[in-house]
Structures are given as C-alpha cells and as structure tokens.
$ cat input_15.txt   # compact mmCIF, C-alpha atoms
# COMPACT_ATOMS: atom_id res chain seq x y z
CA MET A 17 -34.53 22.22 11.79
CA THR A 18 -32.23 19.38 10.74
CA ALA A 19 -30.37 19.74 7.45
CA ALA A 20 -30.57 16.90 4.93
CA ALA A 21 -27.52 14.71 4.47
CA GLY A 22 -26.53 13.83 0.91
CA PHE A 23 -23.73 13.88 -1.60
CA ASP A 24 -24.45 17.34 -3.02
CA ALA A 25 -24.59 18.76 0.50
CA ALA A 26 -21.35 16.95 1.37
CA LEU A 27 -19.68 18.47 -1.68
CA ALA A 28 -20.80 21.96 -0.68
CA PHE A 29 -19.48 21.30 2.83
CA ALA A 30 -16.13 20.12 1.44
CA ARG A 31 -15.83 23.29 -0.65
CA ASP A 32 -16.44 25.39 2.46
CA LEU A 33 -13.73 23.48 4.32
CA ILE A 34 -11.17 23.92 1.53
CA ARG A 35 -11.73 27.69 1.68
CA ILE A 36 -10.55 27.66 5.31
CA PRO A 37 -6.74 27.23 5.58
CA SER A 38 -5.95 24.90 8.49
CA LEU A 39 -2.27 24.15 9.00
CA SER A 40 -1.41 21.95 11.97
CA GLY A 41 -1.98 23.93 15.15
CA TYR A 42 -4.28 26.38 13.37
CA GLU A 43 -7.44 24.30 12.96
CA ARG A 44 -9.74 26.44 15.11
CA GLU A 45 -11.83 27.94 12.29
CA VAL A 46 -12.23 24.70 10.37
CA ALA A 47 -13.14 22.89 13.61
CA SER A 48 -15.87 25.46 14.24
CA ARG A 49 -17.24 24.89 10.74
CA VAL A 50 -17.31 21.11 11.27
CA ILE A 51 -19.11 21.53 14.60
CA SER A 52 -21.78 23.69 12.99
CA GLU A 53 -22.29 21.11 10.21
CA MET A 54 -22.66 18.25 12.68
CA LYS A 55 -25.21 20.20 14.70
CA ALA A 56 -27.17 21.07 11.57
CA LEU A 57 -27.18 17.40 10.54
CA GLY A 58 -28.73 16.36 13.85
CA PHE A 59 -25.88 14.57 15.60
CA ASP A 60 -26.96 13.59 19.11
CA ASP A 61 -23.83 14.94 20.76
CA VAL A 62 -21.27 17.36 19.32
CA ARG A 63 -18.24 18.61 21.21
CA SER A 64 -14.52 19.30 21.03
CA ASP A 65 -11.87 18.04 23.44
CA ARG A 66 -8.81 19.58 25.11
CA LEU A 67 -6.71 19.33 21.94
CA GLY A 68 -9.45 20.64 19.67
CA ASN A 69 -10.55 17.35 18.10
CA VAL A 70 -14.18 17.53 16.95
CA ILE A 71 -16.38 14.65 18.09
CA GLY A 72 -19.91 13.97 16.87
CA ILE A 73 -21.97 11.00 18.09
CA LEU A 74 -25.03 9.35 16.56
CA ARG A 75 -26.61 7.04 19.14
CA GLY A 76 -27.49 3.52 18.08
CA THR A 77 -30.76 1.74 18.67
CA GLY A 78 -29.36 -1.46 20.12
CA SER A 79 -26.21 -3.26 21.13
CA GLY A 80 -24.11 -3.13 17.98
CA ARG A 81 -20.46 -2.22 18.06
CA THR A 82 -19.28 1.38 18.14
CA VAL A 83 -17.80 2.43 14.81
CA MET A 84 -15.66 5.54 14.56
CA LEU A 85 -15.15 7.42 11.30
CA ASN A 86 -12.04 9.58 11.32
CA SER A 87 -10.44 12.19 9.11
CA HIS A 88 -8.14 15.02 10.17
CA LEU A 89 -8.73 18.74 10.30
CA ASP A 90 -5.23 19.90 9.36
CA VAL A 91 -3.60 20.15 5.95
CA VAL A 92 -0.06 20.74 4.73
CA SER A 93 1.11 24.08 3.39
CA GLU A 94 -0.01 25.10 -0.08
CA GLY A 95 3.44 26.34 -1.11
CA ASP A 96 3.49 28.92 -3.90
CA PRO A 97 -0.15 29.58 -4.88
CA SER A 98 0.93 30.70 -8.35
CA GLU A 99 2.09 27.15 -9.09
CA TRP A 100 -1.44 25.75 -8.76
CA GLU A 101 -3.70 25.18 -11.77
CA TYR A 102 -6.64 26.16 -9.54
CA PRO A 103 -6.24 28.43 -6.50
CA PRO A 104 -5.48 26.25 -3.47
CA PHE A 105 -8.24 27.69 -1.26
CA SER A 106 -10.96 28.25 -3.84
CA GLY A 107 -12.71 24.88 -3.62
CA ASP A 108 -13.18 25.00 -7.38
CA VAL A 109 -15.16 22.27 -9.15
CA ALA A 110 -13.90 21.82 -12.71
CA ASP A 111 -13.17 19.01 -15.16
CA GLY A 112 -15.14 16.57 -13.03
CA CYS A 113 -13.00 17.17 -9.93
CA LEU A 114 -12.95 19.09 -6.68
CA HIS A 115 -9.71 21.07 -6.51
CA GLY A 116 -7.63 22.64 -3.77
CA ARG A 117 -5.58 21.96 -0.68
CA GLY A 118 -7.45 19.30 1.26
CA ALA A 119 -9.68 18.21 -1.63
CA MET A 120 -8.56 14.59 -1.13
CA ASP A 121 -6.26 14.95 1.91
CA ILE A 122 -8.61 15.08 3.61
CA LYS A 123 -11.48 17.57 3.65
CA GLY A 124 -13.35 15.91 0.79
CA PRO A 125 -13.41 12.51 2.55
CA LEU A 126 -14.12 14.27 5.87
CA ALA A 127 -17.29 15.74 4.38
CA ILE A 128 -18.25 12.37 2.88
CA GLN A 129 -17.83 10.58 6.21
CA THR A 130 -19.78 13.22 8.11
CA HIS A 131 -22.75 13.22 5.74
CA ALA A 132 -22.76 9.46 5.19
CA ALA A 133 -22.93 8.91 8.95
CA ALA A 134 -25.70 11.48 9.33
CA GLY A 135 -27.69 9.68 6.65
CA LEU A 136 -27.82 6.65 8.97
CA ARG A 137 -29.16 8.62 11.94
CA GLY A 138 -31.50 6.45 13.98
CA ARG A 139 -30.90 3.35 11.83
CA THR A 140 -27.79 1.73 13.34
CA PRO A 141 -27.70 -0.88 16.12
CA GLY A 142 -24.52 0.62 17.57
CA ASP A 143 -23.19 4.14 18.00
CA VAL A 144 -21.48 5.92 15.13
CA VAL A 145 -18.74 8.29 16.29
CA VAL A 146 -17.39 10.81 13.81
CA ALA A 147 -14.14 12.17 15.25
CA HIS A 148 -12.07 14.54 13.15
CA THR A 149 -8.67 15.08 14.71
CA VAL A 150 -5.95 17.74 14.82
CA MET A 151 -2.22 17.58 14.13
CA GLU A 152 -2.25 14.45 11.97
CA GLU A 153 0.24 15.98 9.56
CA ARG A 154 2.69 16.50 12.44
CA GLY A 155 2.67 12.99 13.89
CA GLY A 156 -0.90 12.43 15.03
CA TRP A 157 -1.10 14.13 18.42
CA GLY A 158 -4.87 14.53 18.00
CA MET A 159 -5.61 10.83 17.58
CA LEU A 160 -3.17 9.82 20.30
CA GLY A 161 -4.71 12.30 22.74
CA LEU A 162 -8.26 11.27 21.82
CA LEU A 163 -7.55 7.63 22.66
CA GLU A 164 -5.36 8.40 25.69
CA ASP A 165 -8.11 10.50 27.25
CA GLY A 166 -10.79 7.88 26.59
CA GLU A 167 -13.05 10.51 25.00
CA VAL A 168 -14.31 7.74 22.73
CA ARG A 169 -13.98 3.97 22.94
CA PRO A 170 -14.55 2.61 19.42
CA ASP A 171 -14.61 -1.06 18.53
CA VAL A 172 -13.71 -0.37 14.89
CA ILE A 173 -12.20 2.68 13.17
CA ILE A 174 -12.55 3.67 9.50
CA LEU A 175 -10.04 6.26 8.31
CA GLY A 176 -10.83 8.64 5.46
CA GLU A 177 -7.31 8.65 4.03
CA ALA A 178 -7.23 8.10 0.26
CA THR A 179 -7.55 4.46 -0.83
CA ALA A 180 -8.90 4.86 -4.39
CA GLY A 181 -11.87 2.75 -3.27
CA ASP A 182 -9.80 -0.14 -1.89
CA ILE A 183 -9.76 -1.26 1.73
CA CYS A 184 -6.42 -0.29 3.28
CA VAL A 185 -5.20 -2.20 6.31
CA GLY A 186 -1.86 -0.78 7.39
CA HIS A 187 1.37 0.98 6.56
CA ARG A 188 4.97 1.43 7.64
CA GLY A 189 5.63 3.82 10.47
CA ARG A 190 8.09 6.70 10.54
CA ALA A 191 10.84 7.73 12.92
CA GLU A 192 13.05 10.79 12.66
CA VAL A 193 16.34 10.13 14.43
CA ARG A 194 19.22 12.54 15.01
CA ILE A 195 22.89 11.62 15.40
CA VAL A 196 24.79 14.48 17.02
CA VAL A 197 28.61 14.59 16.84
CA HIS A 198 30.21 16.90 19.41
CA GLY A 199 33.74 18.24 19.01
CA VAL A 200 35.54 21.45 19.95
CA ALA A 201 35.01 24.65 18.00
CA GLY A 202 37.92 26.78 16.86
CA HIS A 203 39.09 29.37 14.41
CA ALA A 204 39.48 27.94 10.93
CA SER A 205 42.98 29.46 10.74
CA ALA A 206 44.18 27.13 13.49
CA PRO A 207 42.49 23.74 13.01
CA GLU A 208 44.99 22.01 15.30
CA ARG A 209 43.34 23.75 18.27
CA ALA A 210 39.89 22.35 17.47
CA ARG A 211 38.13 19.01 17.15
CA ASN A 212 36.15 19.28 13.90
CA SER A 213 32.79 17.51 14.31
CA LEU A 214 32.73 16.98 10.53
CA ASP A 215 35.74 14.68 10.75
CA LEU A 216 33.51 11.90 12.15
CA LEU A 217 30.86 12.36 9.47
CA PRO A 218 32.20 9.61 7.13
CA ALA A 219 32.04 7.05 9.94
CA VAL A 220 28.52 8.15 10.91
CA LEU A 221 27.31 7.85 7.31
CA GLU A 222 28.92 4.42 7.07
CA ALA A 223 26.98 3.42 10.18
CA VAL A 224 23.75 4.59 8.51
CA ALA A 225 24.59 2.59 5.38
CA ARG A 226 25.19 -0.55 7.44
CA LEU A 227 21.95 -0.02 9.31
CA ALA A 228 20.07 0.41 6.03
CA ALA A 229 21.57 -2.78 4.61
CA ARG A 230 20.19 -4.94 7.39
CA GLN A 231 16.62 -3.66 7.42
CA GLY A 232 13.91 -6.29 7.29
CA SER A 233 10.96 -6.59 4.94
CA ASP A 234 7.30 -7.54 5.22
CA PRO A 235 5.42 -9.39 2.44
CA GLU A 236 2.60 -6.84 2.60
CA LEU A 237 4.29 -3.61 3.67
CA GLY A 238 7.58 -4.04 1.85
CA PRO A 239 11.01 -3.20 3.25
CA ALA A 240 11.89 -0.89 6.09
CA THR A 241 14.18 1.90 4.89
CA VAL A 242 16.50 4.31 6.64
CA VAL A 243 18.36 7.15 4.96
CA ALA A 244 20.23 10.29 5.99
CA THR A 245 18.24 13.31 4.81
CA ASP A 246 20.02 16.29 6.35
CA VAL A 247 23.29 17.48 7.90
CA LYS A 248 23.57 20.69 9.88
CA THR A 249 26.59 22.17 11.64
CA ALA A 250 27.02 24.75 14.37
CA PRO A 251 28.40 27.34 14.60
CA ALA A 252 27.26 28.13 11.07
CA SER A 253 30.01 30.62 10.21
CA HIS A 254 32.24 29.49 7.36
CA ASN A 255 35.41 30.59 9.16
CA VAL A 256 34.66 28.59 12.31
CA ILE A 257 35.39 24.88 12.78
CA PRO A 258 32.05 23.42 13.92
CA ASP A 259 31.84 21.69 17.28
CA ARG A 260 28.43 20.19 16.46
CA SER A 261 27.22 18.23 13.43
CA VAL A 262 23.68 16.84 13.35
CA VAL A 263 22.74 14.07 10.92
CA THR A 264 18.98 13.52 10.52
CA LEU A 265 17.65 10.09 9.54
CA ASP A 266 14.27 9.32 8.00
CA TRP A 267 13.39 5.76 9.01
CA ARG A 268 10.33 4.05 7.54
CA ILE A 269 9.76 1.27 10.03
CA LEU A 270 7.83 -1.96 10.09
CA PRO A 271 5.33 -2.51 12.92
CA GLY A 272 6.82 -3.53 16.24
CA PRO A 273 9.83 -1.53 17.44
CA THR A 274 9.51 1.26 19.97
CA ALA A 275 11.23 4.61 19.72
CA GLU A 276 13.69 3.54 22.42
CA GLU A 277 14.58 0.34 20.53
CA LEU A 278 15.24 2.29 17.34
CA VAL A 279 17.59 4.66 19.14
CA ARG A 280 19.52 1.69 20.54
CA GLU A 281 19.86 0.23 17.03
CA VAL A 282 21.41 3.44 15.75
CA GLU A 283 23.73 3.64 18.75
CA ALA A 284 24.92 0.09 18.07
CA ALA A 285 25.57 0.85 14.39
CA VAL A 286 27.57 3.96 15.28
CA ALA A 287 29.58 2.01 17.85
CA GLU A 288 30.51 -0.53 15.14
CA CYS A 289 32.01 2.19 12.97
CA LEU A 290 33.47 4.23 15.85
CA PRO A 291 34.54 1.62 18.43
CA GLU A 292 36.86 4.15 20.08
CA LEU A 293 36.07 7.83 19.86
CA PRO A 294 39.06 10.15 19.39
CA VAL A 295 39.89 12.34 22.35
CA GLY A 296 37.69 15.43 22.49
CA TYR A 297 34.70 13.92 20.68
CA SER A 298 31.36 12.48 21.77
CA VAL A 299 28.31 11.15 19.89
CA GLU A 300 24.70 11.09 21.02
CA VAL A 301 21.66 9.54 19.36
CA ALA A 302 18.08 10.60 20.06
CA MET A 303 14.65 10.65 18.54
CA ALA A 304 13.98 14.07 17.02
CA VAL A 305 11.69 16.19 19.17
CA GLU A 306 9.33 18.92 18.06
CA ARG A 307 7.57 21.38 20.34
CA GLN A 308 3.95 21.40 19.24
CA ARG A 309 1.09 23.68 20.20
CA SER A 310 -2.57 22.86 19.65
CA TYR A 311 -4.96 25.62 18.67
CA THR A 312 -6.49 25.27 22.14
CA GLY A 313 -3.19 26.39 23.67
CA LEU A 314 -1.74 23.07 24.87
CA THR A 315 2.00 22.70 24.31
CA GLU A 316 4.05 19.51 24.34
CA ASP A 317 7.49 18.32 23.24
CA ARG A 318 6.74 15.30 21.06
CA ASP A 319 8.99 12.62 19.59
CA MET A 320 8.87 12.47 15.80
CA PHE A 321 7.75 8.84 15.86
CA THR A 322 4.65 7.26 14.36
CA PRO A 323 4.22 3.47 14.66
CA GLY A 324 3.28 1.27 11.76
CA TYR A 325 0.55 -1.35 11.79
CA LEU A 326 -0.92 -4.15 9.72
CA LEU A 327 -4.38 -5.69 10.13
CA ALA A 328 -4.48 -9.18 8.63
CA GLY A 329 -6.49 -9.61 5.46
CA ALA A 330 -8.30 -12.49 7.15
CA HIS A 331 -9.44 -10.31 10.05
CA PRO A 332 -13.26 -10.37 10.31
CA VAL A 333 -13.49 -6.58 10.05
CA VAL A 334 -11.41 -6.59 6.87
CA ARG A 335 -13.47 -9.36 5.31
CA ALA A 336 -16.75 -7.64 6.22
CA ALA A 337 -15.53 -4.31 4.85
CA SER A 338 -14.21 -5.75 1.61
CA HIS A 339 -17.47 -7.55 0.85
CA ALA A 340 -19.62 -4.59 1.85
CA VAL A 341 -17.78 -2.13 -0.39
CA GLY A 342 -17.10 -4.41 -3.36
CA CYS A 343 -15.32 -3.53 -6.58
CA ARG A 344 -16.55 -0.69 -8.75
CA ASP A 345 -17.31 -3.13 -11.57
CA GLY A 346 -19.25 -5.47 -9.30
CA SER A 347 -16.88 -8.37 -9.93
CA GLY A 348 -16.27 -9.21 -6.27
CA PRO A 349 -14.99 -7.88 -2.96
CA ALA A 350 -12.93 -4.71 -2.82
CA SER A 351 -9.17 -5.07 -3.05
CA VAL A 352 -7.28 -5.13 0.25
CA ARG A 353 -3.84 -3.53 0.51
CA PRO A 354 -1.65 -1.26 2.68
CA TRP A 355 -1.02 2.45 2.19
CA THR A 356 2.40 3.70 1.13
CA PHE A 357 2.21 6.59 3.62
CA ALA A 358 1.62 6.77 7.38
CA THR A 359 -1.75 7.53 8.99
CA ASP A 360 -3.27 7.87 12.45
CA GLY A 361 -3.94 4.13 12.26
CA GLY A 362 -0.44 3.64 13.63
CA TRP A 363 -1.76 4.96 16.94
CA SER A 364 -5.28 3.53 16.88
CA CYS A 365 -4.32 0.01 15.78
CA GLY A 366 -0.54 -0.14 16.20
CA LEU A 367 -0.57 1.17 19.77
CA TYR A 368 -4.16 0.76 21.04
CA GLY A 369 -5.12 -2.36 19.11
CA VAL A 370 -8.41 -1.04 17.73
CA PRO A 371 -9.10 -2.72 14.35
CA THR A 372 -8.53 0.10 11.87
CA ILE A 373 -9.17 0.16 8.15
CA GLY A 374 -9.24 2.88 5.53
CA PHE A 375 -11.80 3.58 2.82
CA ALA A 376 -12.05 6.74 0.77
CA PRO A 377 -11.93 8.05 -2.77
CA GLY A 378 -8.78 9.72 -4.01
CA GLU A 379 -5.44 8.80 -5.54
CA GLU A 380 -2.36 8.89 -3.32
CA ARG A 381 -0.29 10.54 -6.07
CA PHE A 382 -2.17 13.82 -5.64
CA ALA A 383 -1.54 14.09 -1.89
CA HIS A 384 0.63 17.02 -0.78
CA THR A 385 0.99 18.32 -4.34
CA ASN A 386 -0.15 21.51 -6.09
CA ARG A 387 -2.37 19.31 -8.28
CA GLU A 388 -4.48 18.01 -5.40
CA ARG A 389 -7.93 16.99 -6.58
CA LEU A 390 -10.78 14.56 -5.94
CA ALA A 391 -12.73 13.03 -8.82
CA LEU A 392 -16.44 13.63 -8.20
CA ALA A 393 -17.55 10.33 -9.72
CA ASP A 394 -15.22 8.44 -7.37
CA ALA A 395 -16.34 10.55 -4.43
CA GLU A 396 -20.03 9.91 -5.08
CA TRP A 397 -19.45 6.17 -5.46
CA ALA A 398 -17.60 6.09 -2.12
CA PHE A 399 -20.35 8.12 -0.47
CA ASP A 400 -22.92 5.57 -1.64
CA ARG A 401 -20.84 2.67 -0.27
CA TYR A 402 -20.27 4.14 3.18
CA PRO A 403 -23.64 3.18 4.75
CA ASP A 404 -23.20 -0.50 3.88
CA LEU A 405 -19.61 -0.36 5.11
CA ILE A 406 -20.57 1.14 8.47
CA LEU A 407 -23.35 -1.39 9.04
CA ALA A 408 -21.16 -4.31 7.98
CA VAL A 409 -18.34 -3.63 10.43
CA MET A 410 -20.82 -2.77 13.19
CA GLU A 411 -22.17 -6.33 13.33
CA PRO A 412 -20.45 -8.56 15.91
CA VAL A 413 -18.20 -10.95 14.04
CA ALA A 414 -16.09 -13.87 15.19
$ encode --input "input_15.txt" --output "structure tokens"
Amino acid sequence: MTAAAGFDAALAFARDLIRIPSLSGYEREVASRVISEMKALGFDDVRSDRLGNVIGILRGTGSGRTVMLNSHLDVVSEGDPSEWEYPPFSGDVADGCLHGRGAMDIKGPLAIQTHAAAGLRGRTPGDVVVAHTVMEERGGWGMLGLLEDGEVRPDVIILGEATAGDICVGHRGRAEVRIVVHGVAGHASAPERARNSLDLLPAVLEAVARLAARQGSDPELGPATVVATDVKTAPASHNVIPDRSVVTLDWRILPGPTAEELVREVEAAVAECLPELPVGYSVEVAMAVERQRSYTGLTEDRDMFTPGYLLAGAHPVVRAASHAVGCRDGSGPASVRPWTFATDGGWSCGLYGVPTIGFAPGEERFAHTNRERLALADAEWAFDRYPDLILAVMEPVA
C-alpha cells in the first residue's frame, strides 16, 4: 500500500531523519530510512549506488526533460549538545520551527523534495529523479561520483540548500592549499646547526598577502578571497628547531580555474617573495588532500577543491523557475541570487554543465550552528511551490 505524500508526512519524515546522526562517511542508517520512505511513497525505482547515494525515480508519461531534485544525507558535527536550546537529535517542533542538526541543512528540505516529487507521481511528462547524496560536507564526493558513473543523466538539477525562498544560481568555490617549507631540524640549543623552517614564514605570508591583493571579483558572486588559516610545525617539541612548517590557505574562488592552475598561482607568488631559496631550504605547494571513506567501504584520497559556478539570470531554466515560484507576497517572480556558501552545484553545473538552481526554505545564518532551525510556515510554503517549480523547468525551453 502506497503512503500518501503531503506536508505533514514530510515533516514527520524530517523529524525521523534528524533523530539519526549522519556525519560524512556514516550515512548508512539515514540512507536506509530514505530508501524505505521512497518505497512507501511509490517511487518506480529505488536504489543506492557504490558510494551510498540514494536514488529514487518517478517515471514520466511523455518526453519532458529529466529533473533531478538533490539534497545530501550527511550533516556536520553537533558540537557540545549542552550548548543547544533544543537537543540536536530530538527533531523537536517548538515556537513554529523544526529544530535540530539537519533541520535546514538539509534533512528538512530533503523531506520536502522527496514528498513533493511523490505528490506528482504519474503526472509529469518527464522523469523526476530524487537523488540524495553522501559526503557533501566534505567536498561533494557523492555528487561527483553520481555524475561520473552516469547513474543518472538529468537535464536540470534543483538543489535543496537553503535559499529563504529565492532562486539561487551559483556560488564561489573553495580550495584548500598547503605551502610546505622544508628546512633541517636541530636541537634548539644549537640553532646554527639547523635550518629553521619558520625563518621563511614571513616571506610565505607576504606571498599570500600579495596573492590576496590581486584577486578578481564578479558582479554577482563578489570577490575571490584567499587567507592563511593555519600554521603547523614538525617536529612539535618546543626544544627542537622544526624542519617542516605547513601554512594552510582557504581560497574562495570564482568559477573557472582548475586545482592545478591555483597551485601554480601560489607557486608564482612564493617565487616572487623568495626568488632565491637559502641553502638547505625547499618549498612545495600542493592542494590539500584528505583520505575519505564512504559508508559502503570505498576509500579515496581527494583534493580539497570544490569548483564555483554561476548560471546566468537570463538562462531559460532560471527564468522559468523564478516565475513558477514567485514571491511570497505575490508581487512578481522570485528573487534570483547566488549563495554565500559552496554546494554540490559546483560539480553538477561548474564541471558537468547541467543547469543547476537552488530552491528551499531556510535562512543561511542558521547553517552549521547550534541554533539550527527551519520555520514551518516557510517550509510549507516551499512545499506548495515545488510542484509548479518541477513542472516549469521540465518543459523544453529555448
């Protein structure tokens, strides 16, 4: 027997999801819960892939475009639970809001997308794919793998990242770059025998400052920014002169450059400030790498790089979406803007070129905080707008 889709059922589903902790790499239980919901709602095909992404398909009746709705299964850590007004994994509903880790980022919107799609079962010209991915909070391995493998081939993607009811069309990307200074370790009592890697730190930081000063800007996305966020030395003993100092850069990038191009830019900036390295020293620049493991057991060393993207406001998908959603007060089309944070759209649109927009309730300021919440009135309004949005972007447009 097929369960009925609806807002109240979506809210109950969201509360269930919040009660299941699902850090990146540990999404197995929440994925199982999503699969059971999709099956109960009557999706035509429900499966998971090699990385553990959950994919549900509602077959269309004709030749319309394939629209994919996407949220992610993982959440960030809750931190100290005692610092929360409401317990982070309770799924409490109070003061007109759904509370807890994932309420708006992104289990609340995930439930809305899943139920809104199910409510259109048998009434769309094209297929509706609901694909909820893993590892988004650690660089988007789930989305990248989903598109690399060709598990789905959408014509349009709608992300469930918070937009406060606007249509979001892009964001800056992020790169984490490491500058490693190598010297020669030695006993702190005899510094003349060593080559202190910290001695080159002022020149490296000057190189970062010069790099930051020449970053470009985009009228929609704003400026690219690069800043040093961490310095670590090895050996870590306070009576040893370190032979290794690692400076970590957080680089919020505009769409376009590859990871390799960014590394070359940093190398050039360092070379400006250190045209001739003192004897006994060397400097290397590389994209930071993290070994990641999916809950299905796959392991991969992945660059900490997520591309940016920007879909033009005049793009037919953006225009159709904006008019279909409209403003809350009915005064005209929905506002179109970029996000301030990165999403999986960097992979889907920035790398694969699939037109990707975002639409969801929720305010960005609550993301990744111990005050995370989703206003129920906003959530219900977004739920009601989703069917028109899906049908609007499904129509072939020039």
$ residues_near_point --input "input_15.txt" --point "(-12.3, 0.0, 15.2)" --cutoff "9 Å" --atoms "only C-alpha atoms" --output "PyMOL selection string"
chain A and resi 81-85+169-174+333+364-365+369-373+409
$ axis_aligned_box --input "input_15.txt" --around "stretch 29-40 of chain A" --padding-each-side "4 Å" --output "JSON"
{"center_x": -10.4, "center_y": 23.9, "center_z": 5.7, "size_x": 26.1, "size_y": 15.6, "size_z": 20.6}
$ residues_around --input "input_15.txt" --residues "A:Cys113" --least-positions-apart "5" --cutoff "10 Å" --atoms "all atoms listed in the file" --output "PDB file with C-alpha atoms, in the frame of the given file"
ATOM      1  CA  GLY A 107     -12.710  24.880  -3.620  1.00  0.00           C
ATOM      2  CA  ASP A 108     -13.180  25.000  -7.380  1.00  0.00           C
ATOM      3  CA  ALA A 119      -9.680  18.210  -1.630  1.00  0.00           C
ATOM      4  CA  GLU A 388      -4.480  18.010  -5.400  1.00  0.00           C
ATOM      5  CA  ARG A 389      -7.930  16.990  -6.580  1.00  0.00           C
ATOM      6  CA  LEU A 390     -10.780  14.560  -5.940  1.00  0.00           C
ATOM      7  CA  ALA A 391     -12.730  13.030  -8.820  1.00  0.00           C
ATOM      8  CA  LEU A 392     -16.440  13.630  -8.200  1.00  0.00           C
ATOM      9  CA  ALA A 393     -17.550  10.330  -9.720  1.00  0.00           C
ATOM     10  CA  ASP A 394     -15.220   8.440  -7.370  1.00  0.00           C
ATOM     11  CA  ALA A 395     -16.340  10.550  -4.430  1.00  0.00           C
TER      12      ALA A 395
END
$ residues_around --input "input_15.txt" --residues "A:Leu126" --least-positions-apart "4" --cutoff "8 Å" --atoms "only C-alpha atoms" --output "ChimeraX atom specification"
/A:30,86-88,122,130,148,176
$ closest_atom_pairs --input "input_15.txt" --of "stretch 307-339 of chain A" --to "stretch 255-274 of chain A" --cutoff "8 Å" --atoms "only C-alpha atoms" --output "Markdown table"
| residue | atom | partner | partner_atom | distance |
| --- | --- | --- | --- | --- |
| A:Pro323 | CA | A:Pro271 | CA | 6.3 |
| A:Gly324 | CA | A:Pro271 | CA | 4.5 |
| A:Tyr325 | CA | A:Pro271 | CA | 5.0 |
| A:Leu326 | CA | A:Pro271 | CA | 7.2 |
$ residues_around --input "input_15.txt" --residues "A:Pro349" --least-positions-apart "4" --cutoff "8 Å" --atoms "only C-alpha atoms" --output "list in words"
Ser338, His339, Ala340, Val341, Gly342 and Cys343 of chain A
$ write_last_selection --input "input_15.txt" --atoms "C-alpha atoms" --output "short mmCIF file (atom, residue, chain, number, x, y, z; two decimals), keeping the file's coordinate frame"
data_model
loop_
_atom_site.label_atom_id
_atom_site.label_comp_id
_atom_site.auth_asym_id
_atom_site.auth_seq_id
_atom_site.Cartn_x
_atom_site.Cartn_y
_atom_site.Cartn_z
CA SER A 338 -14.21 -5.75 1.61
CA HIS A 339 -17.47 -7.55 0.85
CA ALA A 340 -19.62 -4.59 1.85
CA VAL A 341 -17.78 -2.13 -0.39
CA GLY A 342 -17.10 -4.41 -3.36
CA CYS A 343 -15.32 -3.53 -6.58
#
$ build_atoms --input "input_15.txt" --residues "stretch 106-124 of chain A" --atoms "N, CA and C atoms" --output "tab-separated table (two decimals), keeping the file's coordinate frame"
chain	number	residue	atom	x	y	z
A	106	SER	N	-9.73	27.83	-3.15
A	106	SER	CA	-10.96	28.25	-3.84
A	106	SER	C	-12.06	27.21	-3.74
A	107	GLY	N	-11.70	25.94	-3.59
A	107	GLY	CA	-12.71	24.88	-3.62
A	107	GLY	C	-13.38	24.76	-4.97
A	108	ASP	N	-12.62	25.04	-6.04
A	108	ASP	CA	-13.18	25.00	-7.38
A	108	ASP	C	-13.64	23.60	-7.77
A	109	VAL	N	-14.72	23.51	-8.51
A	109	VAL	CA	-15.16	22.27	-9.15
A	109	VAL	C	-15.02	22.48	-10.65
A	110	ALA	N	-14.16	21.69	-11.27
A	110	ALA	CA	-13.90	21.82	-12.71
A	110	ALA	C	-13.37	20.51	-13.24
A	111	ASP	N	-13.66	20.23	-14.50
A	111	ASP	CA	-13.17	19.01	-15.16
A	111	ASP	C	-13.52	17.75	-14.38
A	112	GLY	N	-14.68	17.76	-13.75
A	112	GLY	CA	-15.14	16.57	-13.03
A	112	GLY	C	-14.46	16.33	-11.70
A	113	CYS	N	-13.75	17.34	-11.18
A	113	CYS	CA	-13.00	17.17	-9.93
A	113	CYS	C	-13.21	18.35	-8.99
A	114	LEU	N	-13.06	18.07	-7.71
A	114	LEU	CA	-12.95	19.09	-6.68
A	114	LEU	C	-11.47	19.40	-6.50
A	115	HIS	N	-11.11	20.68	-6.54
A	115	HIS	CA	-9.71	21.07	-6.51
A	115	HIS	C	-9.38	21.86	-5.25
A	116	GLY	N	-8.11	21.80	-4.86
A	116	GLY	CA	-7.63	22.64	-3.77
A	116	GLY	C	-6.95	21.85	-2.67
A	117	ARG	N	-6.25	22.61	-1.80
A	117	ARG	CA	-5.58	21.96	-0.68
A	117	ARG	C	-6.60	21.35	0.26
A	118	GLY	N	-6.50	20.04	0.44
A	118	GLY	CA	-7.45	19.30	1.26
A	118	GLY	C	-8.55	18.62	0.48
A	119	ALA	N	-8.60	18.82	-0.84
A	119	ALA	CA	-9.68	18.21	-1.63
A	119	ALA	C	-9.74	16.70	-1.40
A	120	MET	N	-8.57	16.02	-1.40
A	120	MET	CA	-8.56	14.59	-1.13
A	120	MET	C	-7.84	14.26	0.17
A	121	ASP	N	-7.01	15.19	0.69
A	121	ASP	CA	-6.26	14.95	1.91
A	121	ASP	C	-6.48	16.12	2.86
A	122	ILE	N	-7.66	16.18	3.51
A	122	ILE	CA	-8.61	15.08	3.61
A	122	ILE	C	-10.02	15.65	3.81
A	123	LYS	N	-10.21	16.91	3.38
A	123	LYS	CA	-11.48	17.57	3.65
A	123	LYS	C	-12.62	17.03	2.81
A	124	GLY	N	-12.32	16.56	1.58
A	124	GLY	CA	-13.35	15.91	0.79
A	124	GLY	C	-13.86	14.65	1.46
